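**Q** This is the structure, below, for whatever I ask next.
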Amino acid sequence: MTAHRPGSAAPAEPGTGAERTSTSAPVHGTGTDDAAGGTTARPKRSGHGFLRYLVQRLLVTVGLLLGTTVIGFSLVQLAPGDPVAANLSDAALGNPAIVAAFEEKWGLDEPLPVQYVTYLGNLVQGDLGTSQRTGRPVLTELLDYVPATMEIAVPTLLISLVISIGLGLLSAIRNGGAADQTVRVFSLVGLSTPPFWLAILALYLFFFVLGVSPSGGRLSPQFSPPEPVTGLYTVDALLQGDVLLAWDAAQHAMLPILVLTLVTVATLTRFVRSALLEVLRKDYMLAARAKGLSSRVVLTKHLLRAGLLPILTIAGLTFASLLAGTVLVESIFSWPGLGSYAYESATALDRSAILGASLFIAAVYLGVNLVVDLLYGLADPRVRLT
Amino acid sequence: MTRTHSSLTELTEEQEAATVTPSDDPAAPRRRWWQARTEASRIWRQPVVVVALLVAGAWLVVAIAAPLLAPFDPLQQSSDVYASPGGDHLFGTDALGRDVLSRVIYGARLSIPLALTIVLCALAFGGLLGLVAGYVRGIIGESIMRLTDLFFAFPQIILAMAVAAAFGPSTLNAVVALVIVSWPIYARVIRGAVLSIRSEDYLNASRMLGVGPVAALRRDVMPNSFGPAVVLATLELGNSMLLLAALSFLGLGPRPPAAEWGAMIALGTNDISRWWVSVFPGLAILTVVMACNIIGDALRDRFDPQSVGGR
């Protein structure tokens, strides 16, 4: 029973909290944990700090992108069964010419490394394979579905940010108080709720019981989609000057946005709260108070400004995870977005479509990460030195 | 002293003594993490945590005693389709006339052990890699951490979906898929814990005394990174359950007619007006996951007072 303890008074296990809650640096997936490892050579402080940082981030992102393709390729390899049978529809399988063309295109008779290069080459050219279900190229299909997802993901992110920063601020400055407890319980419930279940409840309440919401889809049957400019029906309709159409599109988007917002706010509020609490513990907050600044000045000039950076990071990550979150919500609202596409592909076991959707979302995720890291590097020069 | 090692016994005792540095408060009692009575008892005094423990315990009982508690066979179909809650069927029946209450009760037998399996496998795999990455460092450690970065690039549910769909839908493949997507967080956290103790005096001492890396990992590093592992596993248990439910909801989990909570919620989408078909399994997931999160949060607040309820 006598395992060695680290120095007795110090908290024995700092790892968990530090790794999960530290919001003072870009969080996920981009190798910033080097700060803890400290093995990498530190670039010297120079006038080209940002350029160096930019190049380094770009390289990391490209490396991770390549890595995701390796995972994608391995999944195809690991999948049991004949890749030809798994990727072609029954009709195509009956045609020897199509089968031969498929084997030729993906280099199926070559050794695995060569196959990977072929696969990568096809990917770079935007060829994510062909959907078994529809026979159309996966990339074309994905691009058809993305605008619908954006129409609910972008408003969700904006609304969630406003609510979360408000609630997180309230919770942080009333740390331990009744307001804080309420906010914490709310976000705990939100974190523990399956999003797809919440979507069904919302649909039941607002469509079936109250009758104030449409049952699903992007438009009522009597309307036809507006001329595509942005792909967002509401925006496109307004561009056309068709207010009725815009209102109908907005009504259809409301319920998915509501559900996604509830889920997102739950996660985001926790982050904002702990990011702000971290700032609140800083000595300069005490100093600001001590020199007699008003609460309003301390809050806006010191607290929010210092807390905004970590919140920016999390906002970026949240956007990417929103794309994933739609998988579980869109299908319930018959919302023809990425999520529905992934869901329909998954239930039909359409492998190339699912892999394509996963790679696409991973690529977006990495891209958002990159942008956030770069913004962060611009805003806080210290980050570039990690 | 149960953990003796032939000739090293006295040496370990020396190290024991060495850990009590002059800066130590002599009044501070020497305890391991689970013996921290004052702090721990404060946790148990929080009513929310007590309720969470009761809920978790109740679900365990339900899972174990499912055949005794369930009024009907969960797979038994009947002509009494979509019966409203009340009467014979407290939670109503679904489209095939199966008793929702019985299916929710039997669902505990499926969801809870599966979530536990996922957490334990991911903890074993990710924890081992994290131990190695934190202790060995160099090329091996670096590549392990880059690999975790890679897995963090995929949103969990998307990667799990891709894996489960590639392998084909089944209970086993869903578990494999969820282990594959959830090990990186364990690797990262355990590595952090190892890094924070690897420069401790007692580790340096044991290294100077000629204790090899494997022995040091097993004897010193592993026991001391146990706390973060427990906290993380508790929090991740809820997350695993949500992911498992999501996979089943997508049709990539246990095959029908298995009574899995996520799959049961999916049945409710067929006819939105029969709310009871999806509401009750959803409440089951919500209560279990909330209990896990509350207990995990309480454990974390205990271990790491610096992190205030963030995640």
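Starting from 1 in every chain, residues are counted up; chains themselves are A, B, ... following the order of the structure tokens, and ligands are numbered from 1 as listed.
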Excluding same-chain residues fewer than 6 positions from region 151-168 of chain B, what lies within 6 Å of it counting only C-alpha atoms, as a list of chain:residue names?
**A** A:Gly29, A:Ala79, A:Leu349, A:Ile354, A:Leu355, A:Ser358, A:Ala362, B:Ala174, B:Ala177, B:Leu178, B:Val181
**Q** With a distance cut-off of 12 Å and only C-alpha atoms, select the neighbouring residues of Leu188 (chain A), excluding the residue or stretch itself and same-chain residues fewer than 4 positions from it, and output the selection as a PyMOL selection string.
**A** (chain A and resi 181-184+192-193+262-270) or (chain B and resi 48+235+238+286-287+289-297+309-311)
**Q** Go ahead and write the selection's residues with N, CA and C atoms as an mmCIF file, in the first residue's frame.
**A**
data_model
loop_
_atom_site.group_PDB
_atom_site.id
_atom_site.type_symbol
_atom_site.label_atom_id
_atom_site.label_comp_id
_atom_site.auth_asym_id
_atom_site.auth_seq_id
_atom_site.Cartn_x
_atom_site.Cartn_y
_atom_site.Cartn_z
ATOM 1 N N GLN A 181 -24.995 27.924 -10.003
ATOM 2 C CA GLN A 181 -25.527 26.566 -9.849
ATOM 3 C C GLN A 181 -26.523 26.243 -10.963
ATOM 4 N N THR A 182 -27.425 27.206 -11.219
ATOM 5 C CA THR A 182 -28.448 26.986 -12.240
ATOM 6 C C THR A 182 -27.798 26.748 -13.599
ATOM 7 N N VAL A 183 -26.844 27.628 -13.946
ATOM 8 C CA VAL A 183 -26.182 27.486 -15.236
ATOM 9 C C VAL A 183 -25.457 26.149 -15.322
ATOM 10 N N ARG A 184 -24.802 25.750 -14.230
ATOM 11 C CA ARG A 184 -24.058 24.490 -14.257
ATOM 12 C C ARG A 184 -24.985 23.295 -14.436
ATOM 13 N N SER A 192 -25.574 15.787 -21.117
ATOM 14 C CA SER A 192 -25.953 14.394 -20.912
ATOM 15 C C SER A 192 -27.116 13.966 -21.797
ATOM 16 N N THR A 193 -27.616 14.874 -22.607
ATOM 17 C CA THR A 193 -28.788 14.559 -23.424
ATOM 18 C C THR A 193 -28.363 14.100 -24.809
ATOM 19 N N LEU A 262 -29.234 24.382 -28.188
ATOM 20 C CA LEU A 262 -29.313 23.896 -26.810
ATOM 21 C C LEU A 262 -28.110 23.015 -26.491
ATOM 22 N N VAL A 263 -27.786 22.112 -27.433
ATOM 23 C CA VAL A 263 -26.675 21.192 -27.201
ATOM 24 C C VAL A 263 -25.354 21.954 -27.166
ATOM 25 N N THR A 264 -25.197 22.890 -28.108
ATOM 26 C CA THR A 264 -23.937 23.621 -28.206
ATOM 27 C C THR A 264 -23.722 24.533 -27.010
ATOM 28 N N VAL A 265 -24.800 25.217 -26.587
ATOM 29 C CA VAL A 265 -24.669 26.132 -25.459
ATOM 30 C C VAL A 265 -24.204 25.370 -24.220
ATOM 31 N N ALA A 266 -24.705 24.158 -24.039
ATOM 32 C CA ALA A 266 -24.323 23.378 -22.864
ATOM 33 C C ALA A 266 -22.809 23.177 -22.817
ATOM 34 N N THR A 267 -22.216 22.806 -23.945
ATOM 35 C CA THR A 267 -20.775 22.576 -23.975
ATOM 36 C C THR A 267 -20.013 23.887 -23.861
ATOM 37 N N LEU A 268 -20.442 24.839 -24.662
ATOM 38 C CA LEU A 268 -19.705 26.089 -24.781
ATOM 39 C C LEU A 268 -19.699 26.858 -23.458
ATOM 40 N N THR A 269 -20.829 26.859 -22.759
ATOM 41 C CA THR A 269 -20.908 27.609 -21.508
ATOM 42 C C THR A 269 -19.877 27.109 -20.505
ATOM 43 N N ARG A 270 -19.704 25.799 -20.461
ATOM 44 C CA ARG A 270 -18.705 25.231 -19.556
ATOM 45 C C ARG A 270 -17.320 25.762 -19.870
ATOM 46 N N VAL B 48 -26.371 16.598 -4.543
ATOM 47 C CA VAL B 48 -26.434 16.215 -5.958
ATOM 48 C C VAL B 48 -25.626 14.946 -6.202
ATOM 49 N N LEU B 235 -15.880 10.233 -16.317
ATOM 50 C CA LEU B 235 -16.480 11.211 -17.224
ATOM 51 C C LEU B 235 -16.717 10.597 -18.595
ATOM 52 N N GLY B 238 -19.971 8.283 -19.387
ATOM 53 C CA GLY B 238 -21.169 8.938 -19.904
ATOM 54 C C GLY B 238 -21.048 9.206 -21.393
ATOM 55 N N LEU B 286 -30.341 9.687 -20.453
ATOM 56 C CA LEU B 286 -30.086 10.966 -19.781
ATOM 57 C C LEU B 286 -29.707 10.757 -18.320
ATOM 58 N N THR B 287 -30.458 9.914 -17.617
ATOM 59 C CA THR B 287 -30.184 9.750 -16.184
ATOM 60 C C THR B 287 -28.836 9.064 -15.947
ATOM 61 N N VAL B 289 -26.181 8.946 -17.962
ATOM 62 C CA VAL B 289 -25.066 9.802 -18.365
ATOM 63 C C VAL B 289 -24.894 10.952 -17.379
ATOM 64 N N MET B 290 -26.024 11.511 -16.910
ATOM 65 C CA MET B 290 -25.918 12.604 -15.951
ATOM 66 C C MET B 290 -25.268 12.129 -14.661
ATOM 67 N N ALA B 291 -25.651 10.947 -14.214
ATOM 68 C CA ALA B 291 -25.046 10.415 -12.991
ATOM 69 C C ALA B 291 -23.531 10.278 -13.180
ATOM 70 N N CYS B 292 -23.119 9.733 -14.319
ATOM 71 C CA CYS B 292 -21.681 9.579 -14.586
ATOM 72 C C CYS B 292 -20.989 10.934 -14.573
ATOM 73 N N ASN B 293 -21.593 11.920 -15.234
ATOM 74 C CA ASN B 293 -20.960 13.232 -15.318
ATOM 75 C C ASN B 293 -20.856 13.897 -13.950
ATOM 76 N N ILE B 294 -21.909 13.757 -13.143
ATOM 77 C CA ILE B 294 -21.867 14.392 -11.819
ATOM 78 C C ILE B 294 -20.795 13.736 -10.958
ATOM 79 N N ILE B 295 -20.765 12.406 -10.975
ATOM 80 C CA ILE B 295 -19.767 11.705 -10.163
ATOM 81 C C ILE B 295 -18.359 12.042 -10.666
ATOM 82 N N GLY B 296 -18.205 12.064 -11.989
ATOM 83 C CA GLY B 296 -16.897 12.398 -12.562
ATOM 84 C C GLY B 296 -16.465 13.807 -12.190
ATOM 85 N N ASP B 297 -17.403 14.744 -12.271
ATOM 86 C CA ASP B 297 -17.086 16.128 -11.906
ATOM 87 C C ASP B 297 -16.669 16.224 -10.443
ATOM 88 N N GLY B 309 -14.940 22.876 -12.820
ATOM 89 C CA GLY B 309 -16.127 22.471 -13.564
ATOM 90 C C GLY B 309 -16.038 22.642 -15.067
ATOM 91 N N GLY B 310 -14.880 22.880 -15.597
ATOM 92 C CA GLY B 310 -14.777 22.986 -17.049
ATOM 93 C C GLY B 310 -14.575 21.624 -17.648
ATOM 94 N N ARG B 311 -14.592 21.569 -18.967
ATOM 95 C CA ARG B 311 -14.356 20.257 -19.535
ATOM 96 C C ARG B 311 -13.576 20.369 -20.800
#
**Q** Please report the interatomic distance between CA of Ala288 (chain A) and CA of Ile314 (chain A) in Å with one decimal.
**A**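 CA of Ile314 (chain A) lies 26.6 Å from CA of Ala288 (chain A).
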**Q** Which neighbours of region 108-117 of chain A fall inside 12 Å, counting only C-alpha atoms, when residues of the same chain fewer than 3 positions from it are skipped, and could you give them as a PyMOL selection string?
**A** chain A and resi 66-67+69-78+82-84+99-105+120-124
**Q** So which bits of region 112-341 of chain A end up alpha helix (DSSP H) when you DSSP the backbone, as number ranges by chain?
**A** A: 112-124, 138-173, 178-192, 195-203, 233-240, 243-280, 283-290, 295-297, 305-329, 338-341
**Q** Give me, as a VMD selection string, all polymer residues having an atom no more than 9 Å from region 244-251 of chain B, counting only C-alpha atoms and skipping those fewer than 3 positions away in the same chain.
**A** (chain A and resid 194 to 196 328 343 to 344 346 to 347) or (chain B and resid 111 114 to 115 157 160 to 161 164 169 171 174 to 175 178 239 to 241 254 to 256 260 to 267 285)
**Q** Let's have the selection written as an mmCIF file, in the first residue's frame, with C-alpha atoms.
**A**
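Saved as selection_3.cif:
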data_model
loop_
_atom_site.group_PDB
_atom_site.id
_atom_site.type_symbol
_atom_site.label_atom_id
_atom_site.label_comp_id
_atom_site.auth_asym_id
_atom_site.auth_seq_id
_atom_site.Cartn_x
_atom_site.Cartn_y
_atom_site.Cartn_z
ATOM 1 C CA PRO A 194 -28.598 12.594 -26.669
ATOM 2 C CA PRO A 195 -29.056 15.303 -29.337
ATOM 3 C CA PHE A 196 -31.225 13.107 -31.541
ATOM 4 C CA LEU A 328 -27.603 13.041 -35.328
ATOM 5 C CA TYR A 343 -26.851 9.090 -41.843
ATOM 6 C CA GLU A 344 -28.410 7.782 -45.027
ATOM 7 C CA ALA A 346 -24.421 4.784 -42.885
ATOM 8 C CA THR A 347 -27.788 3.092 -42.742
ATOM 9 C CA SER B 111 -25.903 -0.317 -22.673
ATOM 10 C CA LEU B 114 -21.059 -2.193 -23.285
ATOM 11 C CA ALA B 115 -20.171 1.340 -22.156
ATOM 12 C CA ILE B 157 -19.077 10.234 -33.944
ATOM 13 C CA ALA B 160 -16.946 5.825 -35.165
ATOM 14 C CA MET B 161 -19.583 5.814 -37.857
ATOM 15 C CA ALA B 164 -18.588 0.719 -37.745
ATOM 16 C CA PRO B 169 -23.012 -3.226 -38.183
ATOM 17 C CA THR B 171 -22.463 -5.004 -31.351
ATOM 18 C CA ALA B 174 -19.678 -0.805 -32.530
ATOM 19 C CA VAL B 175 -17.583 -1.443 -29.423
ATOM 20 C CA LEU B 178 -15.856 3.365 -30.076
ATOM 21 C CA ASN B 239 -19.654 10.018 -23.179
ATOM 22 C CA SER B 240 -19.228 6.406 -24.325
ATOM 23 C CA MET B 241 -22.831 5.709 -23.522
ATOM 24 C CA PRO B 254 -26.567 -3.998 -31.788
ATOM 25 C CA ARG B 255 -28.846 -5.456 -34.441
ATOM 26 C CA PRO B 256 -32.604 -5.388 -34.084
ATOM 27 C CA GLU B 260 -30.711 -0.960 -27.074
ATOM 28 C CA TRP B 261 -31.690 2.506 -25.860
ATOM 29 C CA GLY B 262 -30.383 4.407 -28.883
ATOM 30 C CA ALA B 263 -32.061 2.034 -31.316
ATOM 31 C CA MET B 264 -35.306 2.318 -29.335
ATOM 32 C CA ILE B 265 -35.218 6.113 -29.689
ATOM 33 C CA ALA B 266 -34.822 5.651 -33.439
ATOM 34 C CA LEU B 267 -38.062 3.612 -33.478
ATOM 35 C CA ILE B 285 -29.754 7.485 -21.267
#
**Q** Please identify all polymer residues within 12 Å of Asp88 (chain B), counting only C-alpha atoms, omitting same-chain residues fewer than 4 positions from it, and present them as an MDAnalysis selection string.
**A** chainID B and resid 71:72 80 83:84 92:93 97:102
**Q** For chain A, which residue out of B:Ile112, B:Leu96, B:Leu242, B:Val277 is the nearest one, using only C-alpha atoms?
**A**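 Checking each of B:Ile112, B:Leu96, B:Leu242, B:Val277 against chain A, counting only C-alpha atoms, the winner is B:Leu242.
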**Q** Quote the spacing between CA of Thr149 (chain A) and CA of Gly337 (chain A) in Å to one decimal place.
**A**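 Result for CA of Thr149 (chain A) versus CA of Gly337 (chain A): 4.6 Å, one decimal.
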**Q** With distances taken over only C-alpha atoms, which residue among A:Leu260, A:Tyr53, A:Ala92, A:Ser321 lies nearest Gln132 (chain A)?
**A**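 For Gln132 (chain A), the nearest of the given residues is A:Ala92.
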**Q** Excluding Val259 (chain A) and residues on its chain fewer than 6 positions from it, collect all residues at most 8 Å away from it, counting only C-alpha atoms, and give them as a PDB file with C-alpha atoms, in the first residue's frame.
**A**
ATOM      1  CA  PRO A 195     -29.056  15.303 -29.337  1.00  0.00           C
ATOM      2  CA  LEU A 198     -33.863  16.218 -28.009  1.00  0.00           C
ATOM      3  CA  ALA A 199     -34.668  16.686 -31.696  1.00  0.00           C
ATOM      4  CA  ALA A 202     -38.700  19.299 -30.039  1.00  0.00           C
ATOM      5  CA  VAL A 329     -30.132  15.836 -35.730  1.00  0.00           C
TER       6      VAL A 329
END
**Q** Just the residues within 12 Å of Leu59 (chain A), please, counting only C-alpha atoms, with nothing from its chain fewer than 4 positions along; format it as a list in words.
**A**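 Final neighbour list, sorted by chain and number: Thr30, Gly31, Arg52, Tyr53, Leu54, Val55, Gly63, Leu64, Leu65, Leu66, Leu366 and Leu370 of chain A.
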**Q** Keeping only C-alpha atoms, write the selected residues as a CSV table (one decimal), in the first residue's frame.
**A**
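The resulting file, again_16.csv, is reproduced below:
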chain,number,residue,atom,x,y,z
A,30,THR,CA,-2.6,20.5,-33.7
A,31,GLY,CA,0.4,19.5,-31.7
A,52,ARG,CA,7.5,31.0,-39.1
A,53,TYR,CA,4.4,30.2,-37.1
A,54,LEU,CA,2.3,30.2,-40.2
A,55,VAL,CA,4.6,27.8,-42.1
A,63,GLY,CA,0.7,16.3,-42.1
A,64,LEU,CA,-2.6,15.7,-40.3
A,65,LEU,CA,-4.6,15.8,-43.5
A,66,LEU,CA,-2.3,13.1,-44.9
A,366,LEU,CA,-8.5,20.7,-39.6
A,370,LEU,CA,-5.7,26.1,-38.7
